[in-house]
2 protein chains.
Amino acid sequence: MTNPLQALWPCCAGEESGTAELFSALADPTRLILLWRLLQAQGELSVSELSDCCGIHLSGVSRHLAQLRQAQIIDARKEGRTVFYRLRAEPLASTLTALAEAVSSQAQPSEATTET
Amino acid sequence: MTNPLQALWPCCAGEESGTAELFSALADPTRLILLWRLLQAQGELSVSELSDCCGIHLSGVSRHLAQLRQAQIIDARKEGRTVFYRLRAEPLASTLTALAEAVSSQAQPSEATTET
DNA sequence: AGCAAATTTGCGCATACATGCAAATAAAGT
DNA sequence: ACTTTATTTGCATGTATGCGCAAATTTGCT
């Protein structure tokens with residue numbers, strides 16, 4: 001692998017580019033709302049609770065959560081007939097940080113970047 | 001806007017969720033390769049140069065670059081008949097960092113997470 | 001067993017996206 | 001003017017994605 005960006009995200013089975021999978025999971029307004037809700041909650045929320053905040057059918061919410069879960073961004077815990085989801089900080093935070101550092105290490109034109 | 005996650009990414013015209021647009025731009029293996037190439041280059045690269053590293057047609061590369069450009073992740077500069085692209089560090093790096101902090105502030109149950 | 005609640009899954013549909021190819025621009029060079 | 005080079009854009013196509021609705025599944029209650 002000549003491309004560390006591709007490998008930044010260690011999750012996602014045997015995919016070609018795990019990082020792309022991570023960003024795909026984050027690339028939807030509804031999923032961002034769900035993540036934000038989980039962030040606010042500072043803990044677990046059920047599918048029903050989560051579905052209150054986004055204007056789509058509950059089945060859709062369930063699918064979105066499954067997607068986030070598969071991307072290892074959130075965790076699920078089943079208690080009785082309800083399923084509780086919670087945000088999983090790592091390795092999300094570390095990956096984003098690493099990415100930020102990689103980006104800023106470059107185009108940060110300390111000098112010598114004579115543009116137009 | 002009750003959702004800071006949606007507003008984290010200030011670019012992208014009048015879109016509903018700029019952050020989702022940002023991640024959409026990053027959610028493709030080819031585009032990640034291009035970004036990595038620009039990172040390595042530590043400067044500008046032309047479309048032709050960029051297209052060497054990813055296995056798709058040059059026209060596709062051009063489209064991907066346009067997408068990254070519209071997402072304000074890269075900048076373009078035209079010199080003669082060639083167009084040079086370069087990575088734009090900000091606000092990408094800041095946004096990723098902010099996101100990482102938001103995420104780690106929560107599920108990191110180390111201590112001090114005394115919520116509101 | 002029978003019923004109700006919480007969640008997931010199958011299906012169909014509409015829309016978005018990535019891609020290659022060929023044509024269109026744009027800018028030089030002859 | 002004609003030709004060559006660099007890049008973009010139109011078009012067609014196959015594939016992925018988000019959605020609602022209804023049915024299936026799982027679990028708890030009586």
# chains A, B, ... in the order shown; residues from 1 in each chain; ligands from 1
>>> calpha_fit_rmsd(fixed="chain A", moving="chain B")
3.1 Å
>>> closest_atom_pairs(of="chain A", to="chain D", cutoff="10 Å", atoms="only C-alpha atoms (C1' of nucleotides)", output="tab-separated table")
residue	atom	partner	partner_atom	distance
A:Asp28	CA	D:DG18	C1'	9.6
A:Ile56	CA	D:DC19	C1'	8.1
A:His57	CA	D:DG20	C1'	7.0
A:Leu58	CA	D:DG20	C1'	9.8
A:Ser59	CA	D:DG20	C1'	8.7
A:Gly60	CA	D:DC19	C1'	7.1
A:Arg63	CA	D:DG18	C1'	9.7
A:His64	CA	D:DG18	C1'	9.5
A:Glu79	CA	D:DT27	C1'	9.5
A:Gly80	CA	D:DT27	C1'	6.0
A:Arg81	CA	D:DT27	C1'	5.1
A:Thr82	CA	D:DT27	C1'	8.8
>>> write_last_selection(atoms="all heavy atoms", output="short mmCIF file (atom, residue, chain, number, x, y, z; two decimals), in the first residue's frame")
data_model
loop_
_atom_site.label_atom_id
_atom_site.label_comp_id
_atom_site.auth_asym_id
_atom_site.auth_seq_id
_atom_site.Cartn_x
_atom_site.Cartn_y
_atom_site.Cartn_z
N ASP A 28 -23.37 11.69 5.10
CA ASP A 28 -24.82 11.80 4.97
C ASP A 28 -25.38 12.66 6.09
O ASP A 28 -25.06 12.45 7.26
CB ASP A 28 -25.44 10.41 5.02
CG ASP A 28 -26.95 10.46 4.88
OD1 ASP A 28 -27.45 10.41 3.75
OD2 ASP A 28 -27.61 10.58 5.93
N ILE A 56 -36.97 11.23 9.08
CA ILE A 56 -37.26 10.10 8.19
C ILE A 56 -37.87 8.93 8.96
O ILE A 56 -37.87 8.91 10.18
CB ILE A 56 -36.01 9.61 7.45
CG1 ILE A 56 -35.03 8.97 8.43
CG2 ILE A 56 -35.36 10.73 6.68
CD1 ILE A 56 -33.91 8.22 7.76
N HIS A 57 -38.35 7.97 8.18
CA HIS A 57 -38.98 6.78 8.74
C HIS A 57 -38.01 6.03 9.64
O HIS A 57 -36.80 6.02 9.41
CB HIS A 57 -39.43 5.89 7.59
CG HIS A 57 -40.43 4.85 7.98
ND1 HIS A 57 -40.08 3.66 8.53
CD2 HIS A 57 -41.77 4.85 7.92
CE1 HIS A 57 -41.16 2.95 8.76
NE2 HIS A 57 -42.21 3.65 8.41
N LEU A 58 -38.54 5.41 10.66
CA LEU A 58 -37.71 4.70 11.62
C LEU A 58 -36.87 3.61 10.98
O LEU A 58 -35.73 3.36 11.38
CB LEU A 58 -38.59 4.10 12.72
CG LEU A 58 -37.87 3.52 13.93
CD1 LEU A 58 -38.61 3.84 15.21
CD2 LEU A 58 -37.70 2.02 13.78
N SER A 59 -37.42 2.97 9.97
CA SER A 59 -36.65 1.91 9.32
C SER A 59 -35.38 2.47 8.68
O SER A 59 -34.33 1.84 8.70
CB SER A 59 -37.50 1.20 8.27
OG SER A 59 -37.81 2.06 7.20
N GLY A 60 -35.53 3.66 8.15
CA GLY A 60 -34.36 4.32 7.57
C GLY A 60 -33.31 4.62 8.62
O GLY A 60 -32.12 4.43 8.39
N ARG A 63 -31.38 1.60 9.40
CA ARG A 63 -30.38 1.32 8.38
C ARG A 63 -29.16 2.21 8.54
O ARG A 63 -28.01 1.77 8.42
CB ARG A 63 -30.97 1.50 6.99
CG ARG A 63 -31.55 0.21 6.43
CD ARG A 63 -32.00 0.44 5.00
NE ARG A 63 -33.44 0.29 4.90
CZ ARG A 63 -34.05 -0.84 4.54
NH1 ARG A 63 -33.32 -1.89 4.24
NH2 ARG A 63 -35.35 -0.93 4.48
N HIS A 64 -29.40 3.47 8.79
CA HIS A 64 -28.28 4.41 8.97
C HIS A 64 -27.42 3.97 10.16
O HIS A 64 -26.19 3.99 10.10
CB HIS A 64 -28.80 5.83 9.19
CG HIS A 64 -29.18 6.53 7.93
ND1 HIS A 64 -28.32 6.73 6.89
CD2 HIS A 64 -30.35 7.08 7.55
CE1 HIS A 64 -28.93 7.38 5.91
NE2 HIS A 64 -30.17 7.61 6.28
N GLU A 79 -30.81 -4.71 24.77
CA GLU A 79 -31.35 -4.96 26.09
C GLU A 79 -32.84 -5.18 25.94
O GLU A 79 -33.58 -4.25 25.64
CB GLU A 79 -31.06 -3.76 27.02
CG GLU A 79 -31.61 -3.94 28.41
CD GLU A 79 -31.33 -2.72 29.29
OE1 GLU A 79 -30.17 -2.23 29.27
OE2 GLU A 79 -32.26 -2.24 29.96
N GLY A 80 -33.26 -6.40 26.13
CA GLY A 80 -34.65 -6.71 25.88
C GLY A 80 -34.93 -6.57 24.41
O GLY A 80 -34.18 -7.07 23.59
N ARG A 81 -35.97 -5.83 24.08
CA ARG A 81 -36.25 -5.68 22.65
C ARG A 81 -35.75 -4.36 22.09
O ARG A 81 -35.91 -4.08 20.92
CB ARG A 81 -37.74 -5.84 22.41
CG ARG A 81 -38.56 -4.97 23.27
CD ARG A 81 -40.04 -5.38 23.27
NE ARG A 81 -40.69 -4.80 24.44
CZ ARG A 81 -41.97 -4.95 24.72
NH1 ARG A 81 -42.72 -5.68 23.94
NH2 ARG A 81 -42.48 -4.41 25.79
N THR A 82 -35.15 -3.57 22.95
CA THR A 82 -34.62 -2.32 22.41
C THR A 82 -33.10 -2.40 22.26
O THR A 82 -32.41 -3.08 23.02
CB THR A 82 -34.99 -1.10 23.30
OG1 THR A 82 -33.93 -0.83 24.18
CG2 THR A 82 -36.25 -1.36 24.08
#
>>> select_by_dssp(residues="stretch 15-99 of chain A", states="strand (DSSP E or B)", output="list in words")
Leu45, Ser46, Ile74, Asp75, Ala76, Arg77, Lys78, Glu79, Thr82, Val83, Phe84, Tyr85, Arg86 and Leu87 of chain A
>>> interface_residues(of="chain C", to="chain B", cutoff="12 Å", atoms="only C-alpha atoms (C1' of nucleotides)", output="PyMOL selection string")
chain C and resi 16-22+25-28
>>> write_last_selection(atoms="N, CA and C atoms (P, O5', C5', C4', C3', O3' and C1' of nucleotides)", output="PDB file, in the first residue's frame")
ATOM      1  P    DA C  16     -30.587  13.821  -7.526  1.00  0.00           P
ATOM      2  O5'  DA C  16     -29.209  13.092  -7.194  1.00  0.00           O
ATOM      3  C5'  DA C  16     -28.969  12.646  -5.871  1.00  0.00           C
ATOM      4  C4'  DA C  16     -27.718  11.795  -5.839  1.00  0.00           C
ATOM      5  C3'  DA C  16     -26.515  12.443  -6.531  1.00  0.00           C
ATOM      6  O3'  DA C  16     -25.389  12.321  -5.677  1.00  0.00           O
ATOM      7  C1'  DA C  16     -26.892  10.277  -7.415  1.00  0.00           C
ATOM      8  P    DC C  17     -23.992  12.998  -6.110  1.00  0.00           P
ATOM      9  O5'  DC C  17     -23.168  11.739  -6.620  1.00  0.00           O
ATOM     10  C5'  DC C  17     -23.163  10.557  -5.843  1.00  0.00           C
ATOM     11  C4'  DC C  17     -22.304   9.510  -6.527  1.00  0.00           C
ATOM     12  C3'  DC C  17     -21.082  10.098  -7.240  1.00  0.00           C
ATOM     13  O3'  DC C  17     -19.962   9.286  -6.975  1.00  0.00           O
ATOM     14  C1'  DC C  17     -22.326   8.779  -8.720  1.00  0.00           C
ATOM     15  P    DA C  18     -18.487   9.901  -7.201  1.00  0.00           P
ATOM     16  O5'  DA C  18     -17.724   8.739  -7.963  1.00  0.00           O
ATOM     17  C5'  DA C  18     -17.998   7.381  -7.662  1.00  0.00           C
ATOM     18  C4'  DA C  18     -17.562   6.510  -8.817  1.00  0.00           C
ATOM     19  C3'  DA C  18     -16.319   7.005  -9.553  1.00  0.00           C
ATOM     20  O3'  DA C  18     -15.471   5.909  -9.831  1.00  0.00           O
ATOM     21  C1'  DA C  18     -18.136   6.810 -11.067  1.00  0.00           C
ATOM     22  P    DT C  19     -14.079   6.081 -10.523  1.00  0.00           P
ATOM     23  O5'  DT C  19     -14.381   5.779 -12.053  1.00  0.00           O
ATOM     24  C5'  DT C  19     -14.871   4.491 -12.423  1.00  0.00           C
ATOM     25  C4'  DT C  19     -15.242   4.468 -13.883  1.00  0.00           C
ATOM     26  C3'  DT C  19     -14.216   5.119 -14.815  1.00  0.00           C
ATOM     27  O3'  DT C  19     -13.424   4.112 -15.404  1.00  0.00           O
ATOM     28  C1'  DT C  19     -16.493   5.591 -15.444  1.00  0.00           C
ATOM     29  P    DG C  20     -12.209   4.523 -16.361  1.00  0.00           P
ATOM     30  O5'  DG C  20     -12.867   4.413 -17.810  1.00  0.00           O
ATOM     31  C5'  DG C  20     -13.537   3.214 -18.180  1.00  0.00           C
ATOM     32  C4'  DG C  20     -14.120   3.368 -19.579  1.00  0.00           C
ATOM     33  C3'  DG C  20     -13.133   3.902 -20.621  1.00  0.00           C
ATOM     34  O3'  DG C  20     -13.291   3.183 -21.844  1.00  0.00           O
ATOM     35  C1'  DG C  20     -15.018   5.353 -20.466  1.00  0.00           C
ATOM     36  P    DC C  21     -12.258   3.332 -23.019  1.00  0.00           P
ATOM     37  O5'  DC C  21     -13.025   4.221 -24.098  1.00  0.00           O
ATOM     38  C5'  DC C  21     -14.339   3.829 -24.520  1.00  0.00           C
ATOM     39  C4'  DC C  21     -15.014   4.985 -25.242  1.00  0.00           C
ATOM     40  C3'  DC C  21     -14.097   5.743 -26.205  1.00  0.00           C
ATOM     41  O3'  DC C  21     -14.640   5.666 -27.519  1.00  0.00           O
ATOM     42  C1'  DC C  21     -15.348   7.239 -24.827  1.00  0.00           C
ATOM     43  P    DA C  22     -13.852   6.232 -28.780  1.00  0.00           P
ATOM     44  O5'  DA C  22     -14.635   7.570 -29.132  1.00  0.00           O
ATOM     45  C5'  DA C  22     -16.055   7.564 -29.064  1.00  0.00           C
ATOM     46  C4'  DA C  22     -16.556   9.000 -29.081  1.00  0.00           C
ATOM     47  C3'  DA C  22     -15.815   9.902 -30.072  1.00  0.00           C
ATOM     48  O3'  DA C  22     -16.750  10.730 -30.744  1.00  0.00           O
ATOM     49  C1'  DA C  22     -15.700  10.844 -27.922  1.00  0.00           C
ATOM     50  P    DT C  25     -17.639  24.101 -27.999  1.00  0.00           P
ATOM     51  O5'  DT C  25     -16.542  24.968 -27.223  1.00  0.00           O
ATOM     52  C5'  DT C  25     -15.274  24.445 -27.084  1.00  0.00           C
ATOM     53  C4'  DT C  25     -14.705  24.758 -25.711  1.00  0.00           C
ATOM     54  C3'  DT C  25     -13.847  25.998 -25.750  1.00  0.00           C
ATOM     55  O3'  DT C  25     -13.795  26.588 -24.468  1.00  0.00           O
ATOM     56  C1'  DT C  25     -12.490  24.072 -25.472  1.00  0.00           C
ATOM     57  P    DA C  26     -13.192  28.100 -24.360  1.00  0.00           P
ATOM     58  O5'  DA C  26     -11.642  27.839 -24.113  1.00  0.00           O
ATOM     59  C5'  DA C  26     -11.245  27.058 -22.995  1.00  0.00           C
ATOM     60  C4'  DA C  26      -9.729  27.045 -22.907  1.00  0.00           C
ATOM     61  C3'  DA C  26      -9.076  28.312 -23.454  1.00  0.00           C
ATOM     62  O3'  DA C  26      -8.001  28.644 -22.587  1.00  0.00           O
ATOM     63  C1'  DA C  26      -8.244  26.428 -24.609  1.00  0.00           C
ATOM     64  P    DA C  27      -7.287  30.073 -22.723  1.00  0.00           P
ATOM     65  O5'  DA C  27      -5.822  29.641 -23.181  1.00  0.00           O
ATOM     66  C5'  DA C  27      -5.110  28.703 -22.376  1.00  0.00           C
ATOM     67  C4'  DA C  27      -3.931  28.161 -23.157  1.00  0.00           C
ATOM     68  C3'  DA C  27      -3.063  29.244 -23.815  1.00  0.00           C
ATOM     69  O3'  DA C  27      -1.696  28.904 -23.610  1.00  0.00           O
ATOM     70  C1'  DA C  27      -3.677  27.621 -25.390  1.00  0.00           C
ATOM     71  P    DA C  28      -0.620  30.070 -23.482  1.00  0.00           P
ATOM     72  O5'  DA C  28       0.000  30.261 -24.904  1.00  0.00           O
ATOM     73  C5'  DA C  28      -0.244  29.270 -25.862  1.00  0.00           C
ATOM     74  C4'  DA C  28       0.791  28.115 -25.785  1.00  0.00           C
ATOM     75  C3'  DA C  28       2.056  28.425 -26.567  1.00  0.00           C
ATOM     76  O3'  DA C  28       3.119  27.564 -26.186  1.00  0.00           O
ATOM     77  C1'  DA C  28       0.581  27.034 -27.808  1.00  0.00           C
TER      78       DA C  28
END
>>> interface_residues(of="chain B", to="chain A", cutoff="8 Å", atoms="only C-alpha atoms", output="PDB file with N, CA and C atoms, in the first residue's frame")
ATOM      1  N   ASN B   3     -27.512  21.679  15.085  1.00  0.00           N
ATOM      2  CA  ASN B   3     -26.506  20.653  14.922  1.00  0.00           C
ATOM      3  C   ASN B   3     -25.158  21.187  14.428  1.00  0.00           C
ATOM      4  N   PRO B   4     -24.279  21.455  15.345  1.00  0.00           N
ATOM      5  CA  PRO B   4     -22.956  21.980  15.015  1.00  0.00           C
ATOM      6  C   PRO B   4     -22.188  21.092  14.040  1.00  0.00           C
ATOM      7  N   LEU B   5     -22.434  19.808  14.078  1.00  0.00           N
ATOM      8  CA  LEU B   5     -21.735  18.917  13.154  1.00  0.00           C
ATOM      9  C   LEU B   5     -22.030  19.313  11.715  1.00  0.00           C
ATOM     10  N   GLN B   6     -23.262  19.701  11.481  1.00  0.00           N
ATOM     11  CA  GLN B   6     -23.668  20.066  10.132  1.00  0.00           C
ATOM     12  C   GLN B   6     -22.947  21.313   9.658  1.00  0.00           C
ATOM     13  N   GLU B  16     -27.356  22.252   2.598  1.00  0.00           N
ATOM     14  CA  GLU B  16     -28.000  21.908   3.859  1.00  0.00           C
ATOM     15  C   GLU B  16     -26.972  21.538   4.918  1.00  0.00           C
ATOM     16  N   SER B  17     -26.128  20.598   4.562  1.00  0.00           N
ATOM     17  CA  SER B  17     -25.121  20.145   5.504  1.00  0.00           C
ATOM     18  C   SER B  17     -23.747  20.173   4.855  1.00  0.00           C
ATOM     19  N   THR B  19     -20.912  19.844   6.149  1.00  0.00           N
ATOM     20  CA  THR B  19     -20.030  18.787   6.633  1.00  0.00           C
ATOM     21  C   THR B  19     -20.234  17.501   5.841  1.00  0.00           C
ATOM     22  N   ALA B  20     -21.478  17.195   5.537  1.00  0.00           N
ATOM     23  CA  ALA B  20     -21.751  16.010   4.738  1.00  0.00           C
ATOM     24  C   ALA B  20     -21.108  16.146   3.361  1.00  0.00           C
ATOM     25  N   GLU B  21     -21.128  17.344   2.828  1.00  0.00           N
ATOM     26  CA  GLU B  21     -20.510  17.583   1.530  1.00  0.00           C
ATOM     27  C   GLU B  21     -19.000  17.360   1.599  1.00  0.00           C
ATOM     28  N   LEU B  22     -18.421  17.839   2.674  1.00  0.00           N
ATOM     29  CA  LEU B  22     -16.990  17.618   2.855  1.00  0.00           C
ATOM     30  C   LEU B  22     -16.666  16.136   2.848  1.00  0.00           C
ATOM     31  N   PHE B  23     -17.381  15.391   3.659  1.00  0.00           N
ATOM     32  CA  PHE B  23     -17.103  13.963   3.753  1.00  0.00           C
ATOM     33  C   PHE B  23     -17.423  13.238   2.450  1.00  0.00           C
ATOM     34  N   SER B  24     -18.430  13.706   1.748  1.00  0.00           N
ATOM     35  CA  SER B  24     -18.719  13.110   0.451  1.00  0.00           C
ATOM     36  C   SER B  24     -17.520  13.260  -0.477  1.00  0.00           C
ATOM     37  N   LEU B  26     -14.542  13.379   0.356  1.00  0.00           N
ATOM     38  CA  LEU B  26     -13.450  12.521   0.824  1.00  0.00           C
ATOM     39  C   LEU B  26     -13.800  11.037   0.748  1.00  0.00           C
ATOM     40  N   ALA B  27     -15.004  10.741   0.352  1.00  0.00           N
ATOM     41  CA  ALA B  27     -15.492   9.362   0.437  1.00  0.00           C
ATOM     42  C   ALA B  27     -15.280   8.546  -0.824  1.00  0.00           C
ATOM     43  N   ASP B  28     -14.189   8.790  -1.493  1.00  0.00           N
ATOM     44  CA  ASP B  28     -13.922   8.020  -2.707  1.00  0.00           C
ATOM     45  C   ASP B  28     -12.444   7.650  -2.765  1.00  0.00           C
ATOM     46  N   PRO B  29     -12.152   6.378  -3.027  1.00  0.00           N
ATOM     47  CA  PRO B  29     -10.776   5.902  -3.040  1.00  0.00           C
ATOM     48  C   PRO B  29      -9.886   6.692  -4.000  1.00  0.00           C
ATOM     49  N   LEU B  32      -9.036  10.045  -2.618  1.00  0.00           N
ATOM     50  CA  LEU B  32      -8.049   9.941  -1.537  1.00  0.00           C
ATOM     51  C   LEU B  32      -6.653   9.743  -2.101  1.00  0.00           C
ATOM     52  N   ILE B  33      -6.564   8.967  -3.165  1.00  0.00           N
ATOM     53  CA  ILE B  33      -5.269   8.786  -3.813  1.00  0.00           C
ATOM     54  C   ILE B  33      -4.752  10.120  -4.314  1.00  0.00           C
ATOM     55  N   TRP B  36      -3.586  12.215  -1.487  1.00  0.00           N
ATOM     56  CA  TRP B  36      -2.327  11.717  -0.961  1.00  0.00           C
ATOM     57  C   TRP B  36      -1.164  12.130  -1.864  1.00  0.00           C
ATOM     58  N   LEU B  39      -0.411  15.606  -1.222  1.00  0.00           N
ATOM     59  CA  LEU B  39       0.281  15.725   0.062  1.00  0.00           C
ATOM     60  C   LEU B  39       1.768  15.418  -0.111  1.00  0.00           C
ATOM     61  N   GLN B  42       3.906  18.022  -1.875  1.00  0.00           N
ATOM     62  CA  GLN B  42       4.230  19.241  -1.138  1.00  0.00           C
ATOM     63  C   GLN B  42       4.116  20.474  -2.015  1.00  0.00           C
ATOM     64  N   GLY B  43       3.176  20.426  -2.931  1.00  0.00           N
ATOM     65  CA  GLY B  43       3.016  21.578  -3.809  1.00  0.00           C
ATOM     66  C   GLY B  43       2.038  21.262  -4.927  1.00  0.00           C
ATOM     67  N   ARG B  77      -4.859  26.391 -10.260  1.00  0.00           N
ATOM     68  CA  ARG B  77      -4.180  27.540 -10.857  1.00  0.00           C
ATOM     69  C   ARG B  77      -3.863  27.188 -12.295  1.00  0.00           C
ATOM     70  N   LEU B  87      -3.127  21.174  -2.597  1.00  0.00           N
ATOM     71  CA  LEU B  87      -3.963  20.977  -1.427  1.00  0.00           C
ATOM     72  C   LEU B  87      -4.152  22.289  -0.679  1.00  0.00           C
ATOM     73  N   ARG B  88      -5.351  22.482  -0.176  1.00  0.00           N
ATOM     74  CA  ARG B  88      -5.602  23.659   0.652  1.00  0.00           C
ATOM     75  C   ARG B  88      -5.780  23.175   2.088  1.00  0.00           C
ATOM     76  N   ALA B  89      -4.842  23.512   2.917  1.00  0.00           N
ATOM     77  CA  ALA B  89      -4.830  22.957   4.282  1.00  0.00           C
ATOM     78  C   ALA B  89      -6.024  23.431   5.107  1.00  0.00           C
ATOM     79  N   GLU B  90      -6.325  24.698   4.988  1.00  0.00           N
ATOM     80  CA  GLU B  90      -7.428  25.229   5.782  1.00  0.00           C
ATOM     81  C   GLU B  90      -8.620  25.543   4.906  1.00  0.00           C
ATOM     82  N   LEU B  92      -9.611  22.627   6.103  1.00  0.00           N
ATOM     83  CA  LEU B  92      -9.715  21.172   6.261  1.00  0.00           C
ATOM     84  C   LEU B  92      -9.157  20.701   7.593  1.00  0.00           C
ATOM     85  N   ALA B  93      -7.915  21.073   7.839  1.00  0.00           N
ATOM     86  CA  ALA B  93      -7.249  20.591   9.048  1.00  0.00           C
ATOM     87  C   ALA B  93      -8.009  21.004  10.315  1.00  0.00           C
ATOM     88  N   SER B  94      -8.390  22.257  10.370  1.00  0.00           N
ATOM     89  CA  SER B  94      -9.112  22.762  11.542  1.00  0.00           C
ATOM     90  C   SER B  94     -10.418  22.010  11.760  1.00  0.00           C
ATOM     91  N   LEU B  96     -11.219  18.969  10.760  1.00  0.00           N
ATOM     92  CA  LEU B  96     -10.968  17.603  11.212  1.00  0.00           C
ATOM     93  C   LEU B  96     -10.575  17.596  12.687  1.00  0.00           C
ATOM     94  N   THR B  97      -9.766  18.554  13.074  1.00  0.00           N
ATOM     95  CA  THR B  97      -9.354  18.643  14.467  1.00  0.00           C
ATOM     96  C   THR B  97     -10.547  18.908  15.380  1.00  0.00           C
ATOM     97  N   LEU B  99     -13.589  18.238  14.854  1.00  0.00           N
ATOM     98  CA  LEU B  99     -14.407  17.040  14.866  1.00  0.00           C
ATOM     99  C   LEU B  99     -13.823  16.003  15.821  1.00  0.00           C
ATOM    100  N   ALA B 100     -12.522  15.815  15.718  1.00  0.00           N
ATOM    101  CA  ALA B 100     -11.851  14.844  16.582  1.00  0.00           C
ATOM    102  C   ALA B 100     -12.041  15.208  18.049  1.00  0.00           C
ATOM    103  N   GLU B 101     -11.934  16.487  18.331  1.00  0.00           N
ATOM    104  CA  GLU B 101     -12.109  16.935  19.712  1.00  0.00           C
ATOM    105  C   GLU B 101     -13.526  16.697  20.196  1.00  0.00           C
ATOM    106  N   ALA B 102     -14.467  17.025  19.341  1.00  0.00           N
ATOM    107  CA  ALA B 102     -15.866  16.816  19.716  1.00  0.00           C
ATOM    108  C   ALA B 102     -16.124  15.352  20.042  1.00  0.00           C
ATOM    109  N   VAL B 103     -15.618  14.498  19.200  1.00  0.00           N
ATOM    110  CA  VAL B 103     -15.843  13.069  19.394  1.00  0.00           C
ATOM    111  C   VAL B 103     -15.169  12.564  20.664  1.00  0.00           C
ATOM    112  N   SER B 104     -13.919  12.953  20.842  1.00  0.00           N
ATOM    113  CA  SER B 104     -13.171  12.408  21.977  1.00  0.00           C
ATOM    114  C   SER B 104     -13.638  12.998  23.301  1.00  0.00           C
ATOM    115  N   GLN B 106     -16.467  13.108  24.289  1.00  0.00           N
ATOM    116  CA  GLN B 106     -17.635  12.391  24.776  1.00  0.00           C
ATOM    117  C   GLN B 106     -17.319  11.001  25.296  1.00  0.00           C
ATOM    118  N   ALA B 107     -17.132  10.100  24.364  1.00  0.00           N
ATOM    119  CA  ALA B 107     -17.053   8.690  24.742  1.00  0.00           C
ATOM    120  C   ALA B 107     -15.767   8.363  25.495  1.00  0.00           C
ATOM    121  N   GLN B 108     -14.906   9.363  25.609  1.00  0.00           N
ATOM    122  CA  GLN B 108     -13.693   9.166  26.384  1.00  0.00           C
ATOM    123  C   GLN B 108     -14.062   9.265  27.861  1.00  0.00           C
ATOM    124  N   GLU B 115     -21.241  16.180  32.531  1.00  0.00           N
ATOM    125  CA  GLU B 115     -22.066  16.829  31.534  1.00  0.00           C
ATOM    126  C   GLU B 115     -22.859  17.980  32.130  1.00  0.00           C
TER     127      GLU B 115
END
>>> select_by_dssp(residues="chain A", states="helix (DSSP H, G or I)", output="VMD selection string")
chain A and resid 4 to 7 18 to 26 29 to 41 47 to 51 58 to 70 92 to 107
>>> atom_distance(atom1="atom C1' of C:DC13", atom2="atom CA of A:Leu68")
24.1 Å
>>> atom_distance(atom1="atom CA of A:Leu65", atom2="atom CA of A:Ala7")
23.4 Å
